[in-house]
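As provided, target_32.txt (compact mmCIF, C-alpha atoms) reads as follows.
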```txt
# COMPACT_ATOMS: atom_id res chain seq x y z
CA MET A 1 121.02 88.33 95.47
CA LYS A 2 118.97 87.05 98.38
CA VAL A 3 116.33 88.36 100.77
CA ASP A 4 118.16 89.77 103.78
CA ALA A 5 115.38 91.46 105.77
CA ALA A 6 111.74 90.85 106.64
CA PRO A 7 109.42 93.52 105.24
CA GLU A 8 108.43 94.64 108.74
CA GLU A 9 112.04 95.44 109.59
CA VAL A 10 112.03 98.28 107.04
CA GLY A 11 108.48 99.54 107.27
CA LEU A 12 106.67 97.33 104.78
CA ASP A 13 103.63 95.13 105.41
CA ALA A 14 104.37 91.51 104.46
CA GLY A 15 100.75 90.71 103.66
CA ARG A 16 100.49 93.66 101.34
CA MET A 17 103.84 92.79 99.73
CA SER A 18 102.42 89.38 98.80
CA ARG A 19 100.05 91.18 96.45
CA ILE A 20 103.01 91.74 94.11
CA ASP A 21 103.37 88.02 93.43
CA THR A 22 99.63 87.37 93.33
CA HIS A 23 99.13 90.09 90.74
CA PHE A 24 101.99 89.30 88.39
CA ALA A 25 101.48 85.52 88.65
CA ARG A 26 98.18 86.06 86.86
CA TYR A 27 100.09 87.32 83.82
CA VAL A 28 101.89 83.97 83.70
CA ASP A 29 98.87 81.84 84.56
CA GLU A 30 96.84 83.52 81.80
CA GLY A 31 99.62 82.99 79.25
CA ARG A 32 100.47 86.69 78.85
CA LEU A 33 104.04 86.34 80.15
CA ALA A 34 106.34 83.33 80.17
CA GLY A 35 107.82 84.16 83.57
CA PHE A 36 109.38 86.94 85.59
CA THR A 37 111.69 88.01 88.38
CA VAL A 38 110.70 90.83 90.69
CA ALA A 39 112.89 92.29 93.43
CA VAL A 40 112.27 95.05 95.96
CA ALA A 41 114.71 96.54 98.45
CA ARG A 42 114.34 99.23 101.09
CA ARG A 43 117.13 100.96 102.98
CA ASP A 44 119.61 98.83 101.06
CA ARG A 45 118.08 95.54 102.23
CA VAL A 46 116.28 93.12 99.91
CA VAL A 47 112.84 92.37 101.29
CA HIS A 48 111.20 90.69 98.32
CA LEU A 49 112.59 88.43 95.59
CA THR A 50 110.42 86.18 93.48
CA HIS A 51 111.04 84.04 90.39
CA HIS A 52 107.86 82.78 88.75
CA GLY A 53 107.11 80.86 85.58
CA LEU A 54 109.45 79.89 82.77
CA ALA A 55 112.48 81.55 81.23
CA ASP A 56 112.00 79.30 78.18
CA VAL A 57 108.52 77.90 77.65
CA GLU A 58 109.49 75.50 74.87
CA ALA A 59 112.35 74.00 76.91
CA GLY A 60 110.37 74.01 80.14
CA ARG A 61 113.21 75.90 81.87
CA PRO A 62 112.12 77.89 84.93
CA VAL A 63 113.20 81.40 85.81
CA ALA A 64 116.11 81.19 88.25
CA ASP A 65 118.60 83.32 90.15
CA ASP A 66 121.07 83.16 87.28
CA THR A 67 118.64 83.76 84.39
CA LEU A 68 120.08 86.15 81.82
CA TRP A 69 117.79 88.85 80.45
CA ARG A 70 118.09 91.15 77.45
CA ILE A 71 117.80 94.50 79.21
CA TYR A 72 117.66 96.57 75.98
CA SER A 73 117.18 100.24 76.97
CA MET A 74 118.10 99.60 80.60
CA THR A 75 121.56 99.75 79.03
CA LYS A 76 121.06 103.52 78.68
CA PRO A 77 121.50 104.42 82.37
CA ILE A 78 124.72 102.38 82.44
CA THR A 79 126.16 104.20 79.41
CA SER A 80 125.05 107.50 80.94
CA VAL A 81 126.89 106.67 84.17
CA ALA A 82 130.00 105.91 82.10
CA ALA A 83 129.79 109.36 80.48
CA LEU A 84 129.29 111.00 83.88
CA MET A 85 132.39 109.23 85.17
CA LEU A 86 134.38 110.81 82.34
CA TYR A 87 132.75 114.15 83.15
CA GLU A 88 133.94 113.86 86.75
CA ARG A 89 137.47 113.12 85.52
CA GLY A 90 137.54 116.22 83.33
CA LEU A 91 137.67 114.18 80.11
CA LEU A 92 134.48 115.72 78.76
CA ALA A 93 132.09 118.53 79.65
CA LEU A 94 128.30 118.46 79.48
CA THR A 95 128.36 121.57 77.30
CA ASP A 96 130.97 120.21 74.87
CA PRO A 97 129.80 120.01 71.26
CA VAL A 98 129.50 116.38 70.21
CA ALA A 99 131.62 117.36 67.19
CA ARG A 100 134.59 117.82 69.51
CA TYR A 101 134.66 114.00 69.76
CA LEU A 102 132.80 113.03 66.58
CA PRO A 103 133.63 115.56 63.81
CA GLU A 104 130.89 114.20 61.56
CA PHE A 105 128.36 116.02 63.78
CA ALA A 106 129.81 119.46 62.98
CA GLU A 107 127.52 120.43 60.08
CA LEU A 108 124.06 119.26 61.12
CA ARG A 109 120.85 119.88 59.21
CA VAL A 110 117.35 119.95 60.70
CA TYR A 111 114.16 118.73 58.98
CA ARG A 112 111.75 121.49 58.01
CA GLY A 113 109.28 119.83 55.66
CA GLY A 114 108.70 117.51 52.74
CA ALA A 115 108.73 113.78 52.18
CA ALA A 116 111.37 111.43 53.47
CA ALA A 117 112.66 110.94 49.94
CA ASN A 118 113.36 114.65 49.48
CA PRO A 119 113.23 116.50 52.82
CA GLY A 120 113.64 120.22 53.17
CA THR A 121 116.23 121.14 55.78
CA VAL A 122 117.82 124.13 57.49
CA PRO A 123 121.15 124.39 59.33
CA ALA A 124 121.20 123.60 63.04
CA THR A 125 121.23 126.84 65.01
CA GLU A 126 122.88 125.25 68.05
CA PRO A 127 125.62 122.61 68.20
CA MET A 128 124.53 119.20 69.42
CA ARG A 129 126.07 118.95 72.90
CA VAL A 130 126.84 116.11 75.31
CA TRP A 131 123.94 117.09 77.59
CA HIS A 132 121.59 116.87 74.61
CA LEU A 133 122.60 113.23 74.18
CA LEU A 134 122.09 112.49 77.88
CA THR A 135 118.62 114.07 77.87
CA HIS A 136 117.35 112.88 74.45
CA THR A 137 117.00 116.49 73.29
CA ALA A 138 119.62 116.10 70.54
CA GLY A 139 117.14 115.91 67.64
CA LEU A 140 118.01 112.29 66.81
CA THR A 141 115.30 109.62 66.55
CA TYR A 142 114.54 105.90 66.18
CA GLY A 143 113.34 104.28 62.98
CA PHE A 144 110.76 102.21 64.85
CA HIS A 145 108.76 105.26 65.93
CA HIS A 146 106.88 105.51 62.59
CA ALA A 147 105.90 109.05 63.62
CA HIS A 148 107.95 111.43 61.45
CA PRO A 149 109.49 111.53 57.96
CA VAL A 150 112.96 111.40 59.54
CA ASP A 151 112.00 108.09 61.20
CA GLU A 152 111.28 106.82 57.68
CA ILE A 153 114.73 107.96 56.53
CA TYR A 154 116.28 105.94 59.37
CA ARG A 155 114.33 102.85 58.32
CA SER A 156 115.21 103.31 54.65
CA ARG A 157 118.89 103.25 55.60
CA GLY A 158 118.61 100.11 57.70
CA PHE A 159 118.06 101.63 61.16
CA GLU A 160 114.90 100.33 62.81
CA PHE A 161 115.57 97.94 65.71
CA GLY A 162 119.27 97.80 64.94
CA VAL A 163 121.84 98.78 62.34
CA PRO A 164 122.75 97.38 58.91
CA SER A 165 124.65 94.09 59.04
CA GLY A 166 128.36 94.52 59.64
CA MET A 167 128.17 98.16 60.71
CA ASP A 168 130.03 99.17 63.88
CA LEU A 169 129.31 101.99 66.31
CA ALA A 170 131.59 104.48 64.57
CA GLY A 171 129.96 103.74 61.21
CA ALA A 172 126.47 104.13 62.65
CA CYS A 173 127.34 107.54 64.10
CA GLU A 174 128.72 108.67 60.76
CA ALA A 175 125.49 107.58 59.07
CA TRP A 176 123.22 109.23 61.65
CA ALA A 177 125.12 112.52 61.35
CA ARG A 178 124.20 112.64 57.64
CA ILE A 179 120.45 112.30 58.36
CA PRO A 180 118.46 115.45 59.22
CA LEU A 181 117.58 116.04 62.86
CA VAL A 182 113.91 115.90 63.87
CA HIS A 183 114.22 119.23 65.70
CA GLN A 184 116.82 121.80 66.70
CA PRO A 185 119.14 120.54 69.47
CA GLY A 186 117.76 121.35 72.90
CA GLU A 187 114.27 122.37 71.76
CA GLU A 188 112.28 119.16 72.28
CA TRP A 189 112.52 115.66 73.75
CA ASN A 190 112.55 112.76 71.31
CA TYR A 191 113.49 109.22 72.38
CA SER A 192 116.34 108.22 70.13
CA VAL A 193 119.72 106.71 69.32
CA ALA A 194 121.26 109.54 71.38
CA THR A 195 122.64 107.13 73.99
CA ASP A 196 124.29 105.07 71.25
CA VAL A 197 126.03 108.24 70.07
CA LEU A 198 126.94 108.90 73.70
CA GLY A 199 128.55 105.46 73.83
CA ARG A 200 130.76 106.46 70.91
CA VAL A 201 131.66 109.70 72.73
CA VAL A 202 132.70 107.55 75.71
CA GLU A 203 134.95 105.55 73.39
CA VAL A 204 136.68 108.59 71.95
CA ALA A 205 137.00 110.48 75.25
CA SER A 206 138.32 107.43 77.13
CA GLY A 207 140.41 105.85 74.36
CA GLN A 208 138.72 102.49 75.01
CA ARG A 209 136.04 100.50 73.21
CA LEU A 210 132.72 100.80 74.98
CA ASP A 211 132.67 97.16 76.07
CA ALA A 212 136.18 97.43 77.50
CA PHE A 213 135.42 100.68 79.34
CA LEU A 214 132.25 99.30 80.92
CA ALA A 215 133.96 96.05 81.91
CA GLU A 216 136.90 97.83 83.56
CA HIS A 217 135.23 100.84 85.13
CA VAL A 218 131.62 99.79 85.82
CA PHE A 219 131.03 96.04 85.78
CA GLY A 220 134.32 95.06 87.38
CA PRO A 221 134.14 97.48 90.33
CA LEU A 222 130.46 96.67 90.92
CA GLY A 223 130.91 92.90 90.64
CA MET A 224 128.53 92.66 87.68
CA GLY A 225 130.19 89.59 86.21
CA ASP A 226 127.21 88.46 84.14
CA THR A 227 126.61 91.77 82.32
CA ALA A 228 127.96 92.09 78.78
CA PHE A 229 126.99 92.78 75.17
CA HIS A 230 126.33 89.09 74.51
CA THR A 231 126.43 85.71 76.20
CA THR A 232 127.63 82.27 75.15
CA GLU A 233 125.45 80.60 77.82
CA ALA A 234 122.31 79.83 75.86
CA ASP A 235 121.05 77.60 78.67
CA ARG A 236 120.81 80.64 80.97
CA LEU A 237 119.34 83.14 78.50
CA ALA A 238 115.58 83.69 78.72
CA ALA A 239 113.70 83.32 75.45
CA LEU A 240 112.21 86.43 73.85
CA TYR A 241 108.46 86.55 73.21
CA VAL A 242 105.83 88.73 71.55
CA PRO A 243 102.04 88.70 72.01
CA LYS A 244 100.03 86.50 69.64
CA PRO A 245 96.91 87.92 68.01
CA GLY A 246 93.99 86.62 70.00
CA GLY A 247 96.02 85.87 73.12
CA GLY A 248 99.09 84.04 74.32
CA ILE A 249 102.72 84.60 73.39
CA ALA A 250 104.96 83.54 70.51
CA ARG A 251 108.69 82.98 70.58
CA HIS A 252 110.77 85.58 68.68
CA ASP A 253 114.12 83.93 68.04
CA ARG A 254 114.89 86.02 64.96
CA MET A 255 115.52 89.02 67.20
CA GLY A 256 116.25 87.14 70.41
CA ALA A 257 119.17 85.12 69.02
CA ALA A 258 121.24 88.29 68.56
CA ALA A 259 122.18 88.16 72.26
CA LEU A 260 124.08 84.91 71.61
CA ARG A 261 126.47 86.46 69.08
CA GLU A 262 129.32 88.87 69.70
CA PRO A 263 128.05 92.10 68.12
CA THR A 264 129.89 94.29 65.65
CA PHE A 265 127.74 97.21 66.83
CA LEU A 266 128.18 97.95 70.55
CA SER A 267 124.85 99.53 71.44
CA GLY A 268 125.16 101.75 74.49
CA GLY A 269 121.46 102.42 74.02
CA GLY A 270 120.19 98.86 74.11
CA GLY A 271 122.76 96.10 73.77
CA LEU A 272 123.41 94.58 77.19
CA VAL A 273 122.45 91.24 78.71
CA SER A 274 122.32 91.06 82.51
CA THR A 275 120.91 89.25 85.53
CA ALA A 276 118.61 90.57 88.24
CA ALA A 277 121.45 90.24 90.76
CA ASP A 278 123.84 92.26 88.60
CA TYR A 279 121.37 95.04 87.87
CA HIS A 280 120.45 95.19 91.54
CA ARG A 281 124.07 96.05 92.26
CA PHE A 282 123.86 98.88 89.74
CA THR A 283 120.65 100.26 91.30
CA ARG A 284 122.14 99.94 94.79
CA MET A 285 125.13 102.00 93.67
CA LEU A 286 122.79 104.73 92.44
CA ALA A 287 120.61 104.63 95.56
CA ARG A 288 123.74 104.92 97.72
CA GLY A 289 124.89 108.04 95.91
CA GLY A 290 127.42 106.43 93.56
CA GLU A 291 129.18 103.94 95.86
CA LEU A 292 128.86 100.22 96.58
CA ASP A 293 131.03 97.99 98.78
CA GLY A 294 133.80 100.56 98.92
CA GLU A 295 133.87 101.16 95.16
CA ARG A 296 132.80 104.69 94.24
CA LEU A 297 131.83 105.23 90.61
CA LEU A 298 130.31 108.70 91.02
CA GLY A 299 130.22 111.37 93.66
CA PRO A 300 126.89 111.79 95.49
CA ARG A 301 126.44 115.30 94.14
CA THR A 302 126.86 114.02 90.59
CA VAL A 303 124.16 111.38 91.16
CA ALA A 304 121.85 113.99 92.66
CA TYR A 305 122.51 116.34 89.73
CA ALA A 306 121.96 113.62 87.12
CA THR A 307 118.66 112.53 88.67
CA ARG A 308 117.00 115.94 88.66
CA ASN A 309 114.92 117.22 85.75
CA HIS A 310 117.11 118.80 83.04
CA LEU A 311 114.39 119.55 80.49
CA PRO A 312 114.28 123.23 79.42
CA GLY A 313 112.19 125.39 81.72
CA GLY A 314 111.53 122.50 84.09
CA ALA A 315 108.99 121.06 81.64
CA ASP A 316 107.71 117.50 81.83
CA LEU A 317 107.72 115.09 78.90
CA GLN A 318 104.07 115.84 78.17
CA GLN A 319 104.94 119.49 77.52
CA ILE A 320 108.18 119.09 75.56
CA GLY A 321 108.20 115.49 74.35
CA ARG A 322 106.94 114.31 71.00
CA PRO A 323 103.94 111.93 71.28
CA ILE A 324 105.89 108.74 70.62
CA PHE A 325 106.70 105.48 72.33
CA ALA A 326 109.15 105.72 75.23
CA GLU A 327 109.97 103.65 78.29
CA SER A 328 108.15 106.12 80.57
CA ASP A 329 104.90 107.88 81.23
CA PHE A 330 104.93 111.51 80.08
CA ARG A 331 102.68 113.44 82.47
CA GLY A 332 104.47 114.64 85.60
CA VAL A 333 107.74 113.06 84.47
CA GLY A 334 110.85 114.96 83.40
CA PHE A 335 114.21 113.71 82.25
CA GLY A 336 117.65 113.92 83.82
CA LEU A 337 121.06 112.84 82.59
CA GLY A 338 120.13 109.33 81.54
CA PHE A 339 117.02 108.72 83.67
CA SER A 340 113.35 109.65 83.73
CA VAL A 341 112.59 111.72 86.83
CA VAL A 342 109.22 112.17 88.55
CA VAL A 343 108.55 115.88 89.01
CA ASP A 344 104.83 115.83 89.90
CA PRO A 345 103.25 112.55 91.08
CA ALA A 346 99.78 114.14 91.12
CA ALA A 347 100.04 115.18 87.47
CA GLY A 348 101.23 111.70 86.56
CA LYS A 349 98.51 110.00 88.63
CA SER A 350 101.24 107.78 90.02
CA LEU A 351 101.72 106.59 93.60
CA SER A 352 105.37 107.65 93.58
CA SER A 353 107.66 110.32 95.02
CA ALA A 354 109.00 113.49 93.45
CA GLY A 355 112.60 112.68 92.60
CA GLU A 356 112.05 109.02 91.77
CA PHE A 357 114.22 108.06 88.80
CA ALA A 358 113.85 105.12 86.48
CA TRP A 359 113.99 103.53 83.06
CA GLY A 360 113.01 100.33 81.31
CA GLY A 361 113.71 98.13 78.32
CA LEU A 362 111.96 97.01 75.14
CA ALA A 363 111.25 93.50 76.48
CA SER A 364 109.23 94.85 79.47
CA THR A 365 112.08 95.02 81.98
CA ALA A 366 112.08 97.98 84.36
CA PHE A 367 113.69 99.50 87.43
CA TYR A 368 113.13 102.53 89.62
CA VAL A 369 114.85 104.17 92.56
CA ASP A 370 112.79 106.21 95.03
CA PRO A 371 115.26 108.24 97.14
CA VAL A 372 112.47 109.61 99.36
CA GLU A 373 111.19 106.20 100.43
CA GLU A 374 114.65 104.59 100.05
CA ILE A 375 113.27 101.94 97.70
CA THR A 376 114.69 100.21 94.66
CA ALA A 377 112.53 97.87 92.61
CA MET A 378 113.13 95.84 89.45
CA PHE A 379 111.05 93.67 87.15
CA PHE A 380 112.47 91.30 84.55
CA THR A 381 110.63 89.40 81.83
CA GLN A 382 111.08 89.05 78.04
CA LEU A 383 107.98 90.27 76.24
CA MET A 384 108.21 92.94 73.58
CA PRO A 385 107.08 95.62 73.13
CA SER A 386 107.12 96.97 76.65
CA SER A 387 103.92 98.92 75.98
CA THR A 388 101.94 95.65 75.85
CA TYR A 389 100.91 95.70 79.53
CA PRO A 390 101.00 98.40 82.28
CA ILE A 391 103.56 96.45 84.31
CA ARG A 392 105.59 99.47 85.43
CA PRO A 393 102.85 101.59 87.02
CA GLN A 394 101.39 98.46 88.56
CA LEU A 395 104.73 97.60 90.15
CA ARG A 396 105.01 101.09 91.65
CA THR A 397 101.51 100.92 93.08
CA LEU A 398 101.97 97.44 94.50
CA VAL A 399 105.18 98.44 96.26
CA ALA A 400 103.94 101.81 97.49
CA GLN A 401 100.70 100.42 98.94
CA ALA A 402 102.79 98.12 101.16
CA LEU A 403 104.61 101.02 102.85
CA VAL A 404 103.32 101.47 106.38
CA ASP A 405 105.87 103.73 108.08
```

Encoding of this model in structure tokens:
Amino acid sequence: MKVDAAPEEVGLDAGRMSRIDTHFARYVDEGRLAGFTVAVARRDRVVHLTHHGLADVEAGRPVADDTLWRIYSMTKPITSVAALMLYERGLLALTDPVARYLPEFAELRVYRGGAAANPGTVPATEPMRVWHLLTHTAGLTYGFHHAHPVDEIYRSRGFEFGVPSGMDLAGACEAWARIPLVHQPGEEWNYSVATDVLGRVVEVASGQRLDAFLAEHVFGPLGMGDTAFHTTEADRLAALYVPKPGGGIARHDRMGAAALREPTFLSGGGGLVSTAADYHRFTRMLARGGELDGERLLGPRTVAYATRNHLPGGADLQQIGRPIFAESDFRGVGFGLGFSVVVDPAAGKSLSSAGEFAWGGLASTAFYVDPVEEITAMFFTQLMPSSTYPIRPQLRTLVAQALVD
């Protein structure tokens, strides 16, 4: 990836664009981030690309064009695109019960009260469907939420920021199906392992392992040669950090080293490693309505359909979402088929456009596509959790304030 247009050529003020680097450089200079890459494009032309700081503080290695980043939940839009490709081919339907592909989800129970050790449950009144997985309305959860007794059940069975050692994707789905749902399918929004289950549906519907399907049908056609479920190139992988009490950052190799090993569990919800250049190709494909360099992954109507709000009644996340951590603001933001979607910028107090779609990852990575302003923007760093600093709204504001046409 390289800059291929001056900001003024596409209606951006160069002086105002420089505020992006000035602002985020302070995070590095003050020791709050190790380093970052930020990229902005308009009308399919890159107008801003900056690498700043270090990918590995202890090694003194700077952020570079080929730095590999753990993108965590930015894997979710990729898995969702894979499922939509199968939908377009008639290999699955959005209304299909998940049990059609994964029979263990046929007899679901829903939490109704009691402690995690002995929960009261009732039968699910609606089958869990493919669109529930895509929209995080399936009733599944994450163990790391610490917000509900079912979250505690997940943790007690080894599901917090991963799965028990040696478990594969099929085994994880079988285990999750035996745990009560947080709510009835389709009734609420709860950020969850739903996209991991969706990855298993992709496997069954396509007849390929998730890594093989993505490599052949997504990464290959898009030229995303550095994106995979692990890397053997430790000298390119950015180190993972967490904030230190009192200031600064601390290296977190216990979790970060997982990206250097071939995983048993292929996490369609959070397992990929990628580069800024590779992910830019993915966002370009979305911004162009499903096509890039003559390779069409999705039809433009499918992309438009997936990036509209699919929450029941047109609600936003504030109205229907549980008050938990997620890679998005809640007010004025709905959810589509794999992406957050801005429905009311005024309600969200965000300098963005209705129809903007986005997502981010646990280590503070983020992207968004604004179809109205024809902008794509990405930010890569490796600090977890992503709620540590308001990087995402700041990026939106810094880009939007530079628009002058």

Exercise for review: Mind giving me the straight-line distance from atom CA of A:Leu86 to atom CA of A:Pro371 in Å, one decimal?
Suggested key: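 A separation of 24.3 Å between them.
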
**Request:** Using all atoms listed in the file, pick whichever of A:Gly336, A:Pro123, A:Gly114, A:Pro62 has the shortest atom-to-atom distance to A:Trp189.
**Result:**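 Closest to A:Trp189 of all the choices is A:Gly336.
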
* Taking into account all atoms listed in the file, which residue in the set A:Ala170, A:Ala115, A:Leu337, A:Ala39 is nearest to A:His280? ->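 Among A:Ala170, A:Ala115, A:Leu337, A:Ala39, it is A:Ala39 that comes nearest to A:His280.
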
### Message
Considering all atoms listed in the file, can you say which of A:Gly35, A:Pro119, A:Gly162, A:Pro245 comes closest to A:His148?
### Response
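Looking at the shortest contact to A:His148, the residue is A:Pro119.
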
- Work out how far apart atom CA of A:Met224 and atom CA of A:Val3 are and give it in Å to one decimal.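 One can read the atom CA of A:Met224 to atom CA of A:Val3 distance as 18.4 Å.
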
**OP:** Give me, please, the distance in Å between atom CA of A:Val122 and atom CA of A:Arg109, quoted to one decimal.
**Re:**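 Spanning atom CA of A:Val122 to atom CA of A:Arg109 is a straight-line distance of 5.5 Å.
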
- Message: For a quick check of understanding, using all atoms listed in the file, which of A:Val40, A:Leu272, A:Ile153, A:Val98 has the smallest distance to A:Ile20?
- Response: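 Among A:Val40, A:Leu272, A:Ile153, A:Val98, it is A:Val40 that comes nearest to A:Ile20.
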
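Distances from A:Thr397, A:Pro263, A:Thr307, A:Arg178 to A:Pro103 were compared using all atoms listed in the file, and the smallest one belongs to A:Arg178.
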
Show me the residues around (107.8, 113.6, 68.9) - criterion: an atom at most 9 Å away, all atoms listed in the file counted - as a short mmCIF file (atom, residue, chain, number, x, y, z; two decimals) with C-alpha atoms, keeping the file's coordinate frame.
```cif
data_model
loop_
_atom_site.label_atom_id
_atom_site.label_comp_id
_atom_site.auth_asym_id
_atom_site.auth_seq_id
_atom_site.Cartn_x
_atom_site.Cartn_y
_atom_site.Cartn_z
CA THR A 141 115.30 109.62 66.55
CA HIS A 145 108.76 105.26 65.93
CA ALA A 147 105.90 109.05 63.62
CA HIS A 148 107.95 111.43 61.45
CA VAL A 182 113.91 115.90 63.87
CA GLU A 188 112.28 119.16 72.28
CA TRP A 189 112.52 115.66 73.75
CA ASN A 190 112.55 112.76 71.31
CA TYR A 191 113.49 109.22 72.38
CA ILE A 320 108.18 119.09 75.56
CA GLY A 321 108.20 115.49 74.35
CA ARG A 322 106.94 114.31 71.00
CA PRO A 323 103.94 111.93 71.28
CA ILE A 324 105.89 108.74 70.62
CA PHE A 325 106.70 105.48 72.33
#
```

Practice prompt. For A:His51, list every protein, DNA or RNA residue within 6 Å, evaluated using only C-alpha atoms, and leave out those in the same chain fewer than 6 positions away; present the list as an MDAnalysis selection string.
Written response: chainID A and resid 36:37 63

Taking 6 positions as the minimum chain separation for residues in the same chain, which residues sit within 9 Å of A:Leu398 when counting only C-alpha atoms? Answer as a list in words. Arg16, Met17, Arg19, Ile20 and His23 of chain A

Counting all atoms listed in the file, the residue among A:Glu9, A:Thr302, A:Phe357, A:His52 that lies closest to A:Phe24 is A:His52

| Polymer residues at most 7 Å from A:Gly355, all atoms listed in the file, same-chain spacing of 4 or more positions, as a PyMOL selection string | chain A and resi 308+341-343+370-371

Using 8 Å of padding on each side, determine the axis-aligned box around all atoms of stretch 287-291 of chain A present in the file and give its centre and edge lengths in Å to one decimal, as JSON.
```
{"center_x": 124.9, "center_y": 106.0, "center_z": 95.6, "size_x": 24.6, "size_y": 20.1, "size_z": 20.2}
```

Excluding A:Gly15 and any residue of its chain fewer than 3 positions from it, enumerate the residues within 12 Å of it, using only C-alpha atoms, and give them as a short mmCIF file (atom, residue, chain, number, x, y, z; two decimals) with C-alpha atoms, in the frame of the given file.
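Dumped to around15.cif:
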```
data_model
loop_
_atom_site.label_atom_id
_atom_site.label_comp_id
_atom_site.auth_asym_id
_atom_site.auth_seq_id
_atom_site.Cartn_x
_atom_site.Cartn_y
_atom_site.Cartn_z
CA ALA A 6 111.74 90.85 106.64
CA PRO A 7 109.42 93.52 105.24
CA GLU A 8 108.43 94.64 108.74
CA LEU A 12 106.67 97.33 104.78
CA SER A 18 102.42 89.38 98.80
CA ARG A 19 100.05 91.18 96.45
CA ILE A 20 103.01 91.74 94.11
CA ASP A 21 103.37 88.02 93.43
CA THR A 22 99.63 87.37 93.33
CA HIS A 48 111.20 90.69 98.32
CA LEU A 398 101.97 97.44 94.50
CA VAL A 399 105.18 98.44 96.26
CA GLN A 401 100.70 100.42 98.94
CA ALA A 402 102.79 98.12 101.16
CA LEU A 403 104.61 101.02 102.85
CA VAL A 404 103.32 101.47 106.38
#
```

**Asked** What's the 10 Å shell around stretch 382-394 of chain A, counting only C-alpha atoms, without same-chain residues fewer than 5 positions away, as number ranges by chain?
**Response** A: 20, 23-24, 27, 32-36, 55-56, 69-71, 238-243, 249-252, 256, 325-329, 349-352, 359-368, 399-400

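Only residues having an atom at most 9 Å from (126.0, 103.9, 84.6) are included; using all atoms listed in the file, these are A:Thr75, A:Lys76, A:Pro77, A:Ile78, A:Thr79, A:Ser80, A:Val81, A:Ala82, A:Ala83, A:Leu84, A:Met85, A:Leu214, A:Val218, A:Phe282, A:Leu286, A:Leu297, A:Gly338.
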